[in-house]
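Source file: work_10.txt; contents: compact mmCIF, C-alpha atoms.
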# COMPACT_ATOMS: atom_id res chain seq x y z
CA MET A 59 -13.19 -59.38 -24.06
CA ASN A 60 -16.96 -59.76 -23.62
CA LEU A 61 -19.27 -62.52 -24.83
CA SER A 62 -20.23 -60.58 -27.98
CA GLU A 63 -16.60 -60.28 -29.06
CA TYR A 64 -16.05 -64.00 -28.43
CA SER A 65 -19.04 -64.85 -30.61
CA ILE A 66 -17.65 -62.76 -33.48
CA TYR A 67 -14.36 -64.68 -33.39
CA ILE A 68 -16.19 -68.01 -33.20
CA PHE A 69 -18.39 -67.19 -36.20
CA ALA A 70 -15.44 -65.81 -38.19
CA ILE A 71 -13.24 -68.84 -37.52
CA GLY A 72 -16.11 -71.25 -38.19
CA ALA A 73 -17.00 -69.59 -41.49
CA SER A 74 -13.35 -69.47 -42.61
CA VAL A 75 -12.81 -73.14 -41.82
CA GLY A 76 -16.03 -74.01 -43.65
CA VAL A 77 -14.98 -72.10 -46.77
CA PHE A 78 -11.61 -73.84 -46.78
CA TRP A 79 -13.24 -77.26 -46.27
CA VAL A 80 -15.57 -76.75 -49.23
CA CYS A 81 -12.89 -75.33 -51.52
CA TYR A 82 -9.77 -77.37 -50.76
CA PRO A 83 -10.69 -80.50 -52.85
CA HIS A 84 -11.04 -78.23 -55.87
CA ILE A 85 -7.82 -76.40 -55.01
CA LEU A 86 -6.05 -79.77 -55.09
CA LEU A 87 -7.42 -80.42 -58.59
CA VAL A 88 -6.16 -77.03 -59.77
CA LEU A 89 -2.72 -77.90 -58.37
CA GLY A 90 -2.75 -81.25 -60.20
CA ILE A 91 -3.12 -83.30 -57.02
CA ASN A 92 -5.98 -85.51 -58.14
CA ARG A 93 -5.73 -88.98 -56.66
CA TYR A 94 -7.60 -91.48 -58.82
CA ARG A 95 -8.81 -94.76 -57.34
CA ASN A 96 -10.94 -97.44 -58.94
CA GLY A 97 -11.93 -101.08 -58.82
CA VAL A 98 -14.46 -103.64 -59.96
CA PHE A 99 -16.92 -105.91 -58.19
CA GLY A 100 -20.01 -108.00 -58.77
CA GLY A 101 -20.75 -110.03 -61.87
CA PRO A 102 -23.13 -110.45 -64.83
CA GLU A 103 -26.08 -111.10 -62.52
CA ASP A 104 -25.81 -107.53 -61.18
CA LEU A 105 -26.42 -106.13 -64.67
CA LYS A 106 -29.74 -107.85 -65.27
CA PRO A 107 -32.25 -105.19 -66.38
CA ASP A 108 -35.26 -106.42 -64.38
CA ASP A 109 -35.17 -103.76 -61.63
CA LYS A 110 -33.58 -100.93 -63.62
CA SER A 111 -34.81 -97.97 -65.64
CA GLU A 112 -36.35 -98.19 -69.09
CA ARG A 113 -33.36 -96.37 -70.58
CA TYR A 114 -30.96 -98.86 -69.02
CA ARG A 115 -33.03 -101.80 -70.31
CA ASP A 116 -32.91 -100.36 -73.81
CA HIS A 117 -29.11 -99.97 -73.64
CA TYR A 118 -28.77 -103.46 -72.20
CA ASP A 119 -30.84 -105.07 -74.95
CA GLN A 120 -28.93 -103.29 -77.72
CA LEU A 121 -25.54 -104.10 -76.21
CA THR A 122 -26.22 -107.79 -75.70
CA GLN A 123 -27.70 -108.13 -79.20
CA LEU A 124 -24.42 -106.74 -80.58
CA GLY A 125 -22.36 -109.28 -78.66
CA PHE A 126 -21.37 -107.28 -75.59
CA GLU A 127 -21.08 -109.51 -72.52
CA PRO A 128 -22.23 -108.24 -69.11
CA LEU A 129 -19.19 -108.24 -66.79
CA GLY A 130 -19.93 -106.46 -63.51
CA LEU A 131 -19.64 -103.04 -61.90
CA HIS A 132 -16.84 -100.49 -61.86
CA TRP A 133 -16.36 -97.71 -59.31
CA SER A 134 -14.00 -94.75 -59.33
CA THR A 135 -13.16 -91.68 -57.26
CA ILE A 136 -11.09 -88.59 -57.99
CA GLY A 137 -10.05 -87.05 -54.70
CA GLN A 138 -13.15 -85.94 -52.83
CA THR A 139 -14.84 -84.26 -55.77
CA ILE A 140 -16.00 -87.03 -58.12
CA SER A 141 -17.24 -90.55 -57.50
CA THR A 142 -18.91 -92.78 -60.08
CA GLN A 143 -20.32 -96.26 -60.45
CA ALA A 144 -21.04 -97.90 -63.79
CA TYR A 145 -22.30 -101.17 -65.25
CA VAL A 146 -19.66 -102.51 -67.63
CA PHE A 147 -19.83 -104.78 -70.67
CA GLY A 148 -17.01 -106.26 -72.72
CA LEU A 149 -16.78 -107.10 -76.42
CA ARG A 150 -14.37 -109.84 -77.50
CA GLU A 151 -14.60 -109.01 -81.21
CA VAL A 152 -13.25 -105.48 -80.67
CA PRO A 153 -11.05 -104.43 -77.72
CA CYS A 154 -13.61 -102.08 -76.21
CA MET A 155 -15.92 -101.87 -73.23
CA ALA A 156 -19.30 -100.25 -72.77
CA GLU A 157 -20.26 -98.56 -69.54
CA ILE A 158 -23.65 -97.35 -68.38
CA TYR A 159 -23.39 -94.93 -65.48
CA SER A 160 -25.65 -95.94 -62.62
CA ARG A 161 -26.89 -92.45 -61.80
CA SER A 162 -27.57 -91.04 -65.27
CA ASP A 163 -27.79 -94.16 -67.50
CA ASN A 164 -25.45 -92.36 -69.94
CA LEU A 165 -23.66 -94.79 -72.26
CA TYR A 166 -20.03 -94.69 -73.37
CA ILE A 167 -18.04 -97.11 -75.50
CA VAL A 168 -14.40 -96.98 -74.40
CA THR A 169 -11.06 -98.33 -75.58
CA GLY A 170 -7.90 -97.85 -73.56
CA PHE A 171 -4.43 -97.82 -75.05
CA GLU A 172 -0.97 -98.46 -73.70
CA GLY A 173 0.65 -95.24 -72.51
CA ASN A 174 -2.35 -93.67 -70.70
CA ALA A 175 -4.42 -92.93 -73.80
CA ALA A 176 -8.08 -93.62 -74.48
CA MET A 177 -10.90 -93.19 -76.96
CA GLU A 178 -14.58 -92.82 -76.06
CA THR A 179 -17.76 -92.68 -78.13
CA THR A 180 -21.07 -91.56 -76.64
CA SER A 181 -24.65 -90.73 -77.61
CA LEU A 182 -24.56 -87.84 -75.13
CA LYS A 183 -24.40 -84.40 -76.71
CA THR A 184 -20.98 -82.99 -75.85
CA ASN A 185 -17.97 -81.35 -77.44
CA GLU A 186 -15.76 -83.68 -79.43
CA ILE A 187 -12.08 -83.88 -78.49
CA ARG A 188 -9.01 -84.86 -80.49
CA SER A 189 -5.82 -84.62 -78.44
CA LYS A 190 -2.54 -86.51 -78.28
CA ASP A 191 -3.84 -88.98 -75.70
CA TYR A 192 -7.65 -88.74 -75.74
CA TRP A 193 -10.35 -88.92 -78.42
CA LEU A 194 -14.01 -88.29 -77.65
CA SER A 195 -16.68 -88.69 -80.32
CA SER A 196 -20.31 -87.66 -79.83
CA ILE A 197 -23.30 -88.81 -81.89
CA PRO A 198 -26.33 -87.43 -80.02
CA ASN A 199 -29.22 -89.86 -79.55
CA ALA A 200 -27.55 -92.51 -81.72
CA SER A 201 -28.28 -96.23 -81.34
CA VAL A 202 -25.62 -98.51 -79.89
CA GLN A 203 -25.07 -99.99 -83.37
CA VAL A 204 -24.23 -96.55 -84.78
CA LEU A 205 -21.95 -95.80 -81.83
CA LEU A 206 -20.13 -99.10 -82.25
CA ASP A 207 -19.67 -98.56 -85.99
CA GLU A 208 -18.17 -95.12 -85.36
CA HIS A 209 -16.03 -96.42 -82.52
CA ARG A 210 -14.76 -99.28 -84.68
CA HIS A 211 -13.87 -96.85 -87.46
CA GLN A 212 -12.00 -94.48 -85.13
CA LEU A 213 -10.27 -97.39 -83.42
CA GLN A 214 -8.95 -98.73 -86.70
CA GLU A 215 -7.62 -95.26 -87.55
CA LEU A 216 -5.69 -95.06 -84.28
CA VAL A 217 -4.39 -98.61 -84.60
CA SER A 218 -3.13 -97.75 -88.09
CA GLN A 219 -1.13 -94.97 -86.40
CA GLY A 220 0.43 -97.52 -84.07
CA TRP A 221 -1.67 -97.17 -80.91
CA GLN A 222 -1.91 -100.46 -79.01
CA PRO A 223 -5.34 -101.14 -77.45
CA LEU A 224 -5.78 -102.77 -74.08
CA PRO A 225 -7.88 -105.95 -73.77
CA ALA A 226 -11.47 -105.51 -72.64
CA SER A 227 -13.06 -108.95 -72.53
CA LYS A 228 -12.88 -109.64 -68.76
CA LEU A 229 -13.91 -107.74 -65.67
CA GLU A 230 -10.32 -107.55 -64.44
CA ASP A 231 -9.38 -105.75 -67.68
CA ILE A 232 -11.65 -102.80 -66.91
CA PRO A 233 -9.65 -100.84 -64.25
CA ALA A 234 -6.68 -100.38 -66.59
CA ILE A 235 -8.97 -99.04 -69.33
CA THR A 236 -10.73 -96.54 -67.10
CA ARG A 237 -7.41 -95.42 -65.64
CA ALA A 238 -6.16 -94.78 -69.17
CA ALA A 239 -9.28 -92.69 -69.87
CA SER A 240 -8.91 -90.74 -66.62
CA SER A 241 -5.20 -90.06 -66.35
CA GLY A 242 -4.20 -88.43 -69.62
CA SER A 243 -3.17 -84.79 -69.96
CA GLU A 244 -6.47 -83.85 -71.66
CA HIS A 245 -8.53 -85.27 -68.79
CA ASN A 246 -6.39 -83.49 -66.20
CA SER A 247 -6.68 -80.22 -68.09
CA ARG A 248 -10.48 -80.50 -68.13
CA LEU A 249 -10.51 -81.29 -64.39
CA CYS A 250 -8.40 -78.23 -63.67
CA GLY A 251 -10.64 -75.98 -65.77
CA ALA A 252 -13.81 -77.28 -64.13
CA ALA A 253 -12.30 -76.88 -60.66
CA LEU A 254 -11.35 -73.25 -61.36
CA LYS A 255 -14.91 -72.47 -62.46
CA ILE A 256 -16.36 -74.12 -59.36
CA LEU A 257 -13.94 -72.26 -57.07
CA GLY A 258 -14.81 -68.95 -58.67
CA THR A 259 -18.53 -69.64 -58.34
CA PHE A 260 -18.23 -70.73 -54.70
CA LEU A 261 -16.17 -67.72 -53.67
CA LEU A 262 -18.54 -65.36 -55.49
CA ILE A 263 -21.63 -66.88 -53.83
CA ILE A 264 -20.02 -66.69 -50.40
CA ALA A 265 -18.14 -63.41 -50.69
CA LEU A 266 -20.86 -61.13 -52.12
CA PRO A 267 -23.44 -61.59 -49.31
CA TRP A 268 -20.69 -61.45 -46.67
CA LEU A 269 -19.18 -58.30 -48.12
CA GLY A 270 -22.56 -56.62 -48.51
CA LEU A 271 -23.63 -57.35 -44.93
CA ALA A 272 -20.21 -56.48 -43.54
CA THR A 273 -20.32 -53.12 -45.31
CA LEU A 274 -23.76 -52.33 -43.92
CA MET A 275 -23.37 -53.77 -40.41
CA GLY A 276 -19.64 -53.68 -39.86
CA TYR A 277 -17.00 -56.41 -39.96
CA SER A 278 -17.22 -56.84 -36.21
CA HIS A 279 -20.89 -57.84 -36.36
CA PRO A 280 -21.50 -61.63 -36.13
CA LEU A 281 -24.33 -61.72 -38.69
CA PRO A 282 -22.17 -61.46 -41.87
CA TRP A 283 -20.02 -64.34 -40.63
CA LEU A 284 -23.06 -66.38 -39.66
CA ILE A 285 -24.61 -65.90 -43.11
CA ALA A 286 -21.32 -66.83 -44.78
CA GLY A 287 -21.20 -70.00 -42.69
CA LEU A 288 -24.77 -70.96 -43.58
CA ILE A 289 -24.12 -70.39 -47.30
CA THR A 290 -20.97 -72.50 -47.07
CA TRP A 291 -22.89 -75.31 -45.39
CA GLY A 292 -25.51 -75.16 -48.15
CA LEU A 293 -22.80 -75.39 -50.83
CA TYR A 294 -21.28 -78.38 -49.06
CA ALA A 295 -24.65 -80.16 -48.99
CA LEU A 296 -25.15 -79.32 -52.68
CA VAL A 297 -21.74 -80.77 -53.59
CA GLN A 298 -22.50 -84.00 -51.73
CA THR A 299 -25.64 -84.55 -53.80
CA SER A 300 -24.27 -83.36 -57.15
CA SER A 301 -24.51 -85.37 -60.36
CA VAL A 302 -20.80 -86.25 -60.25
CA ARG A 303 -20.98 -87.93 -56.85
CA VAL A 304 -22.38 -91.38 -56.22
CA LYS A 305 -22.47 -92.75 -52.70
CA LEU A 306 -20.09 -95.72 -52.71
CA ASP A 307 -19.95 -98.48 -50.14
CA LYS A 308 -16.69 -98.07 -48.19
CA SER A 309 -16.30 -101.79 -47.59
CA THR A 310 -16.63 -102.45 -51.33
CA ILE A 311 -13.94 -99.85 -52.07
CA GLN A 312 -11.57 -101.32 -49.49
CA ALA A 313 -12.15 -104.88 -50.66
CA THR A 314 -11.81 -104.23 -54.40
CA GLN A 315 -9.26 -101.45 -54.72
CA SER A 316 -6.34 -103.80 -54.00
CA LYS A 317 -7.37 -106.02 -56.89
CA SER A 318 -6.76 -103.22 -59.35
CA ALA A 319 -3.84 -101.58 -57.57
CA ASP A 320 -1.20 -103.65 -59.31
CA ASN A 321 -2.06 -102.59 -62.85
CA GLN A 322 0.26 -100.47 -64.92
CA PHE A 323 -1.09 -97.09 -63.87
CA PRO A 324 -0.18 -95.50 -60.52
CA PRO A 325 -2.98 -94.43 -58.12
CA GLU A 326 -1.85 -90.81 -58.37
CA PHE A 327 -1.05 -88.73 -61.40
CA SER A 328 0.17 -85.19 -61.79
CA GLY A 329 -1.10 -84.31 -65.24
CA VAL A 330 1.99 -85.48 -67.14
CA SER A 331 1.02 -88.14 -69.65
CA LYS A 332 3.19 -90.61 -71.47
CA GLN A 333 2.82 -90.89 -75.22
CA PRO A 334 0.74 -93.87 -76.36
CA HIS A 335 2.91 -96.87 -77.13
CA LYS A 336 2.99 -97.44 -80.87
CA SER A 337 3.78 -100.38 -83.10
CA ASN A 338 4.27 -100.91 -86.82
CA THR A 339 1.29 -103.22 -87.32
CA THR A 340 -2.26 -102.23 -88.17
CA ASP A 341 -4.05 -105.40 -87.07
CA GLU A 342 -3.45 -105.93 -83.36
CA VAL A 343 -4.19 -109.19 -81.58
CA VAL A 344 -4.49 -108.51 -77.87
CA LYS A 345 -5.20 -111.53 -75.70
CA GLY A 346 -7.60 -112.93 -78.27
CA ALA A 347 -9.25 -109.64 -79.23
CA VAL A 348 -8.69 -108.65 -82.86
CA VAL A 349 -9.04 -105.17 -84.27
CA ARG A 350 -10.56 -105.77 -87.68
CA PRO A 351 -9.86 -103.54 -90.69
CA ILE A 352 -12.33 -100.80 -91.52
CA GLY A 353 -15.32 -102.11 -93.33
CA LYS A 354 -18.77 -103.43 -92.72
CA PRO A 355 -19.04 -104.45 -89.07
CA SER A 356 -19.47 -108.08 -88.23
CA SER A 357 -23.03 -109.11 -87.48
CA GLU A 358 -21.92 -111.37 -84.64
Render the structure in this file as structure tokens.
Amino acid sequence: MNLSEYSIYIFAIGASVGVFWVCYPHILLVLGINRYRNGVFGGPEDLKPDDKSERYRDHYDQLTQLGFEPLGLHWSTIGQTISTQAYVFGLREVPCMAEIYSRSDNLYIVTGFEGNAAMETTSLKTNEIRSKDYWLSSIPNASVQVLLDEHRHQLQELVSQGWQPLPASKLEDIPAITRAASSGSEHNSRLCGAALKILGTFLLIIALPWLGLATLMGYSHPLPWLIAGLITWGLYALVQTSSVRVKLDKSTIQATQSKSADNQFPPEFSGVSKQPHKSNTTDEVVKGAVVRPIGKPSSE
């Protein structure tokens, strides 16, 4: 075997390993192996708007005027495909939290429920969802007041059906809420669908140039494999800088994950969700947070 034949094998093996390395995190999501980790750190001082974007400052001012208390920061990862960091606020009057994502400044108001269920309201334009364990409401470009009014209304409807909300007034309450929002069957189904689309796109982008060059130059020529490897490397770099990945400090993850590891949701989930725990009461008092009946929101 001469040097040219060795180079073909090296390029072929390198390109194949690269394709597998780029695709396997998404393959795990398709198979339902989507390890979720999260934690909290910092405090109210980290949420001060002085050095942040104008959009963040606007959200911050509206939230605090409505009674939301700055709590700290929350981080989360799903396998090796998604990592997020958000500034979180709690509201004692209603068992809900607000989170502003650090990369996009998108705002969500979130309530978690016992049994891995959650409800979210956002001003981001997106498709609304009503499933057995997840509700998502979208009011594009709405003020925080409008979002809170809608969230309060939807929350009261779910409570009247017996759903029990989780507390959201302290920083240590946040990991359980975000786990509830990220471990239901609806969320896992969306992850699987997104992963399938990404896998199809990746394989198409890699396979077409490789197949075209291999047809013209022969499968034993190193150039098709070299091009496939370069495309794979470019896709890997693109994934690392995508909008769903935030670079998280490893020491922060290691120091804070254990603090949220003992909550009621396991660090891994397989897509099977428990039904939300229900009760026979419509006004729930959860560690001092009261869900008020539907009506004109409090001005506090």
Checklist entry - Expressed in Å to a single decimal, how great is the separation between atom CA of A:Asp191 and atom CA of A:Asn164? => result 22.6 Å
Checklist entry - So which residues touch A:Cys250 within 9 Å, counting all atoms listed in the file, skipping near sequence neighbours fewer than 6 positions away, as a PyMOL selection string? => result chain A and resi 84-85+87-90
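Among A:Ile91, A:Ile68, A:Ile232, A:Ala156, the residue with the shortest atom-to-atom distance to A:Thr122, counting all atoms listed in the file, is A:Ala156.
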Item to check | Point (-28.4, -100.4, -83.3), cut-off 9 Å, counting all atoms listed in the file, residues as a ChimeraX atom specification | outcome: /A:120-121,123-124,200-206
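In terms of minimum interatomic distance to A:Leu271, A:Trp283 ranks closest within A:Gln222, A:Trp283, A:His117, A:Ala234, counting only C-alpha atoms.
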Next on the checklist: Taking (-10.4, -102.3, -74.4) in the coordinates of the supplied file, I want to know which residues reach to within 7 Å of it, counting all atoms listed in the file; could you give the answer as a PyMOL selection string?
Outcome noted: chain A and resi 153-155+168-170+223-226+235
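Each of A:Gly258, A:Trp193, A:Pro233, A:Gly76 was checked against A:Leu216 using all atoms listed in the file; the smallest atom-to-atom distance is that of A:Trp193.
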